[in-house]
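Before any comments, here is the structure.
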Amino acid sequence: MAGDTLGRLGAADFALVSEHIADETDAISVAGRVEGVLASPFKVEGKELFVTASTGIVLVDAQRQAEEVLRDASAAMHQAKDSGGARYEIFNWTIRERAVTRVELASALRRAVERGELRLYYQPEVDVTTGTCAGVEALMRWWHPARGLVPPAEFIPVAEETGSILALGHWALQEACRQAAEWRGQAAAPPQISVNLSAHQLALPDLVSQVTEALDQAHLDAGSICLELTETALMQDVDGAMATLAALHDLGVQLSIDDFGTGYSSLLYLRRYPVDYLKIDRTFVAGFGADTHDEAIASAIIGLAHSFGLKVVAEGVETEQQLDLLRSMGCDLAQGYLWSRPVPSNELPSTLPAR
Ligand code: C2E
Ligand code: MG
Ligand code: MG
């Protein structure tokens, strides 16, 4: 509207100051108009790109400091993002409290690695045909000095946003390799360890040398680790990701696409990226029996992956029925509470129950 001010605050952060707002309904309708404008695809170099907006709304009178208003709008915007994005959120005091907790968490997280507060827990990945352990996935846990165990769903997004994920991810890589070396030679040693990588790590120019160094320090074969990347991470810089993945694959490291089916699920990755495994997101497995679409999707993913020569891992398998269905679909590996929750290395079951 005439008289409104639009400013760019960061890479993809914008502030819109509107002086013609009478109440919440007015503000929501402005947010709706912004979303409406962004709803149509943009053409860039002949390709159609889609963007969405997460909007934080603050209604103020003339008395407030600009810094405070921006801080509150930003907290509301983060709330909108955390709730799935492409929506608006109106600032309130719960949001303010959550933002304070987030800032505290972010600052405690920066010191978590040096203070030794992080642990890797391990969850078996089971060969569906033989019932043996084919590998383990390393999952990070944070023991906060005051709050106790903070789940990854809470601290990984904060770490991603503040950049701490680089230090955390580097630590996880080294620790997983150290653990694999410790296990080597033991009868019940898992053949492979999978480590989750964030999109920020994939963009690091020295990721390949970080991986080489971690392997060398532990005197480990590259083939004993698998790196898991989400579809979204692979989308961010396709050419850069291709080059890095190719270099990692040349080293002999196994590669896996995590949470497959929740993002763009592009067939292009399967053809272009040198990946070895696809992990079916656990939401599909959870829907077995209740939603026939989920079964159809899982079955299609398995068929597709096999036709590209990839192995398939199903996440979140909790029941015998889910396992039976996956087996009938030809799924290769499975992981879930049916066998074990993620546990500290010394609590990993040495043999898995026959299923
Ligand atoms: P993910 O990589 O998809 O890991 C699988 C998640 O499913 C884990 O959650 C695991 O505990 C959970 N899970 C396994 N089996 C079952 C089951 O039968 N039922 C249910 N309901 N859940 C099951 P967790 O450990 O909370 O980790 C969540 C996410 O945090 C991971 O999802 C991964 O995206 C991220 N994450 C964890 N550790 C790391 C890490 O070291 N680096 C990075 N970048 N991300 C990590
Ligand atoms: Mg994973
Ligand atoms: Mg996953």
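Numbering starts fresh at 1 for the residues of each chain in the structure tokens, the chains themselves are lettered A, B, ... in the order given, and ligands are numbered from 1 as they appear.
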Notebook entry, point to check: Which protein, DNA or RNA residues have an atom within 9 Å of ligand 2, counting only C-alpha atoms and all ligand atoms, as a PyMOL selection string?
Noted result: chain A and resi 137-139+194-197+227-230+256-259+279+315
Item checked: Long-range neighbours of range 207-221 of chain A as a ChimeraX atom specification, 10 Å cut-off, only C-alpha atoms, 6 positions minimum in chain -> /A:170-182,184,200-201,227,244-245,247-249,251-253
Just-selected residues, C-alpha atoms written as a PDB file, in the first residue's frame:
ATOM      1  CA  HIS A 170      32.183 -32.564  12.824  1.00  0.00           C
ATOM      2  CA  TRP A 171      32.193 -33.990  16.347  1.00  0.00           C
ATOM      3  CA  ALA A 172      29.596 -36.652  15.371  1.00  0.00           C
ATOM      4  CA  LEU A 173      31.706 -37.734  12.403  1.00  0.00           C
ATOM      5  CA  GLN A 174      34.852 -38.112  14.514  1.00  0.00           C
ATOM      6  CA  GLU A 175      33.034 -39.798  17.394  1.00  0.00           C
ATOM      7  CA  ALA A 176      31.274 -42.297  15.096  1.00  0.00           C
ATOM      8  CA  CYS A 177      34.611 -43.204  13.488  1.00  0.00           C
ATOM      9  CA  ARG A 178      36.246 -43.527  16.935  1.00  0.00           C
ATOM     10  CA  GLN A 179      33.428 -45.834  18.044  1.00  0.00           C
ATOM     11  CA  ALA A 180      33.676 -47.931  14.874  1.00  0.00           C
ATOM     12  CA  ALA A 181      37.418 -48.371  15.522  1.00  0.00           C
ATOM     13  CA  GLU A 182      36.697 -49.399  19.123  1.00  0.00           C
ATOM     14  CA  ARG A 184      36.511 -53.370  15.231  1.00  0.00           C
ATOM     15  CA  HIS A 200      25.326 -26.853   6.010  1.00  0.00           C
ATOM     16  CA  GLN A 201      27.977 -29.569   6.227  1.00  0.00           C
ATOM     17  CA  LEU A 227      26.542 -40.614   5.330  1.00  0.00           C
ATOM     18  CA  THR A 244      30.924 -33.372  -3.110  1.00  0.00           C
ATOM     19  CA  LEU A 245      28.940 -36.599  -3.241  1.00  0.00           C
ATOM     20  CA  ALA A 247      34.231 -37.131  -4.204  1.00  0.00           C
ATOM     21  CA  LEU A 248      32.858 -38.908  -1.106  1.00  0.00           C
ATOM     22  CA  HIS A 249      31.746 -41.845  -3.184  1.00  0.00           C
ATOM     23  CA  LEU A 251      36.643 -42.363  -1.305  1.00  0.00           C
ATOM     24  CA  GLY A 252      34.456 -45.442  -0.843  1.00  0.00           C
ATOM     25  CA  VAL A 253      32.016 -43.890   1.653  1.00  0.00           C
TER      26      VAL A 253
END
If you take only C-alpha atoms and a cut-off of 8 Å, which residues of range 209-292 of chain A touch range 298-308 of chain A, and what are their nearest atom pairs and distances in Å to one decimal, in chain and number order, as a tab-separated table?
residue	atom	partner	partner_atom	distance
A:Gly261	CA	A:Ile301	CA	8.0
A:Leu270	CA	A:Phe308	CA	6.7
A:Arg271	CA	A:Phe308	CA	7.1
A:Leu278	CA	A:Ala305	CA	7.0
A:Ile280	CA	A:Ala298	CA	6.9
A:Phe284	CA	A:Ala298	CA	6.7
A:Val285	CA	A:Ala298	CA	7.6
For the selection you just gave me, I'd like the residues written to a file as a PDB file, in the first residue's frame, keeping all heavy atoms.
ATOM      1  N   GLY A 261      10.651 -39.268   0.463  1.00  0.00           N
ATOM      2  CA  GLY A 261       9.206 -39.233   0.304  1.00  0.00           C
ATOM      3  C   GLY A 261       8.584 -38.003   0.954  1.00  0.00           C
ATOM      4  O   GLY A 261       7.436 -37.672   0.695  1.00  0.00           O
ATOM      5  N   LEU A 270      18.013 -39.790  -7.980  1.00  0.00           N
ATOM      6  CA  LEU A 270      18.349 -41.198  -8.035  1.00  0.00           C
ATOM      7  C   LEU A 270      19.209 -41.483  -9.259  1.00  0.00           C
ATOM      8  O   LEU A 270      20.058 -42.344  -9.249  1.00  0.00           O
ATOM      9  CB  LEU A 270      17.078 -42.038  -8.067  1.00  0.00           C
ATOM     10  CG  LEU A 270      16.100 -41.752  -6.932  1.00  0.00           C
ATOM     11  CD1 LEU A 270      14.959 -42.734  -6.973  1.00  0.00           C
ATOM     12  CD2 LEU A 270      16.801 -41.836  -5.600  1.00  0.00           C
ATOM     13  N   ARG A 271      18.975 -40.721 -10.301  1.00  0.00           N
ATOM     14  CA  ARG A 271      19.725 -40.936 -11.530  1.00  0.00           C
ATOM     15  C   ARG A 271      21.085 -40.225 -11.461  1.00  0.00           C
ATOM     16  O   ARG A 271      22.088 -40.745 -11.897  1.00  0.00           O
ATOM     17  CB  ARG A 271      18.914 -40.406 -12.716  1.00  0.00           C
ATOM     18  CG  ARG A 271      19.441 -40.848 -14.055  1.00  0.00           C
ATOM     19  CD  ARG A 271      18.407 -40.651 -15.142  1.00  0.00           C
ATOM     20  NE  ARG A 271      17.985 -39.259 -15.266  1.00  0.00           N
ATOM     21  CZ  ARG A 271      18.665 -38.335 -15.942  1.00  0.00           C
ATOM     22  NH1 ARG A 271      19.783 -38.640 -16.545  1.00  0.00           N
ATOM     23  NH2 ARG A 271      18.205 -37.094 -16.023  1.00  0.00           N
ATOM     24  N   LEU A 278      18.266 -45.690   0.058  1.00  0.00           N
ATOM     25  CA  LEU A 278      17.145 -44.761   0.245  1.00  0.00           C
ATOM     26  C   LEU A 278      16.495 -45.133   1.557  1.00  0.00           C
ATOM     27  O   LEU A 278      16.244 -46.309   1.816  1.00  0.00           O
ATOM     28  CB  LEU A 278      16.085 -44.994  -0.820  1.00  0.00           C
ATOM     29  CG  LEU A 278      16.069 -44.200  -2.074  1.00  0.00           C
ATOM     30  CD1 LEU A 278      14.700 -44.317  -2.735  1.00  0.00           C
ATOM     31  CD2 LEU A 278      16.373 -42.755  -1.801  1.00  0.00           C
ATOM     32  N   ILE A 280      13.100 -44.855   3.624  1.00  0.00           N
ATOM     33  CA  ILE A 280      11.691 -44.459   3.543  1.00  0.00           C
ATOM     34  C   ILE A 280      11.319 -43.789   4.852  1.00  0.00           C
ATOM     35  O   ILE A 280      11.519 -44.362   5.931  1.00  0.00           O
ATOM     36  CB  ILE A 280      10.773 -45.685   3.354  1.00  0.00           C
ATOM     37  CG1 ILE A 280      11.166 -46.460   2.101  1.00  0.00           C
ATOM     38  CG2 ILE A 280       9.312 -45.261   3.302  1.00  0.00           C
ATOM     39  CD1 ILE A 280      10.270 -47.665   1.858  1.00  0.00           C
ATOM     40  N   PHE A 284       5.428 -42.889   6.548  1.00  0.00           N
ATOM     41  CA  PHE A 284       4.739 -43.837   5.649  1.00  0.00           C
ATOM     42  C   PHE A 284       4.519 -45.171   6.352  1.00  0.00           C
ATOM     43  O   PHE A 284       3.448 -45.758   6.274  1.00  0.00           O
ATOM     44  CB  PHE A 284       5.538 -44.039   4.356  1.00  0.00           C
ATOM     45  CG  PHE A 284       5.692 -42.771   3.568  1.00  0.00           C
ATOM     46  CD1 PHE A 284       6.935 -42.198   3.392  1.00  0.00           C
ATOM     47  CD2 PHE A 284       4.586 -42.126   3.042  1.00  0.00           C
ATOM     48  CE1 PHE A 284       7.073 -41.014   2.693  1.00  0.00           C
ATOM     49  CE2 PHE A 284       4.707 -40.935   2.341  1.00  0.00           C
ATOM     50  CZ  PHE A 284       5.960 -40.377   2.168  1.00  0.00           C
ATOM     51  N   VAL A 285       5.579 -45.634   7.043  1.00  0.00           N
ATOM     52  CA  VAL A 285       5.475 -46.911   7.759  1.00  0.00           C
ATOM     53  C   VAL A 285       4.387 -46.812   8.835  1.00  0.00           C
ATOM     54  O   VAL A 285       3.594 -47.735   9.028  1.00  0.00           O
ATOM     55  CB  VAL A 285       6.845 -47.291   8.371  1.00  0.00           C
ATOM     56  CG1 VAL A 285       6.739 -48.590   9.151  1.00  0.00           C
ATOM     57  CG2 VAL A 285       7.913 -47.394   7.285  1.00  0.00           C
TER      58      VAL A 285
END
Note to self: Which residues are near Tyr122 in chain A? Cut-off 9 Å, only C-alpha atoms, ignore same chain within fewer than 3 positions. Put them as a VMD selection string.
What the structure shows: chain A and resid 136 to 140 193 341 to 345 347 to 348
At a cut-off of 12 Å, can you tabulate as JSON lines every residue of range 45-135 of chain A near range 18-23 of chain A together with its closest atom pair and the distance in Å to one decimal, using only C-alpha atoms and ordering rows by chain then number?
{"residue": "A:Ile57", "atom": "CA", "partner": "A:Ser18", "partner_atom": "CA", "distance": 10.8}
{"residue": "A:Val58", "atom": "CA", "partner": "A:Asp23", "partner_atom": "CA", "distance": 10.5}
{"residue": "A:Leu59", "atom": "CA", "partner": "A:Asp23", "partner_atom": "CA", "distance": 7.6}
{"residue": "A:Val60", "atom": "CA", "partner": "A:Ile21", "partner_atom": "CA", "distance": 9.7}
{"residue": "A:Asp61", "atom": "CA", "partner": "A:Glu19", "partner_atom": "CA", "distance": 10.0}
{"residue": "A:Ala62", "atom": "CA", "partner": "A:Glu19", "partner_atom": "CA", "distance": 10.2}
{"residue": "A:Ile90", "atom": "CA", "partner": "A:Asp23", "partner_atom": "CA", "distance": 11.5}
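Between atom 6 (C, counted along the ligand's line) of ligand 1 and CA of Ala12 in chain A there is a distance of 29.1 Å.
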Next item on the list: Can you list, as a list in words, all residues belonging to range 117-176 of chain A that DSSP tags as alpha helix (DSSP H)?
Entry: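 Alpha helix (DSSP H) members of range 117-176 of chain A, listed: Pro152, Ala153, Glu154, Phe155, Ile156, Pro157, Val158, Ala159, Glu160, Glu161, Thr162, Ile165, Leu166, Ala167, Leu168, Gly169, His170, Trp171, Ala172, Leu173, Gln174, Glu175 and Ala176 of chain A.
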Check: Neighbours of Ala243 in chain A within 12 Å (only C-alpha atoms; same-chain residues fewer than 6 positions away dropped), as a PyMOL selection string?
Finding: chain A and resi 202-205+207-208+234+237+249-250+272-274
Checklist line | Neighbour list for Ala75 in chain A as a PyMOL selection string, cut-off 10 Å, only C-alpha atoms, skip fewer than 6 positions in-chain | finding: chain A and resi 56-58+69+81+89-92+95-100+102
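Here CA of Gln335 in chain A is placed at a distance of 4.7 Å from CA of Glu125 in chain A.
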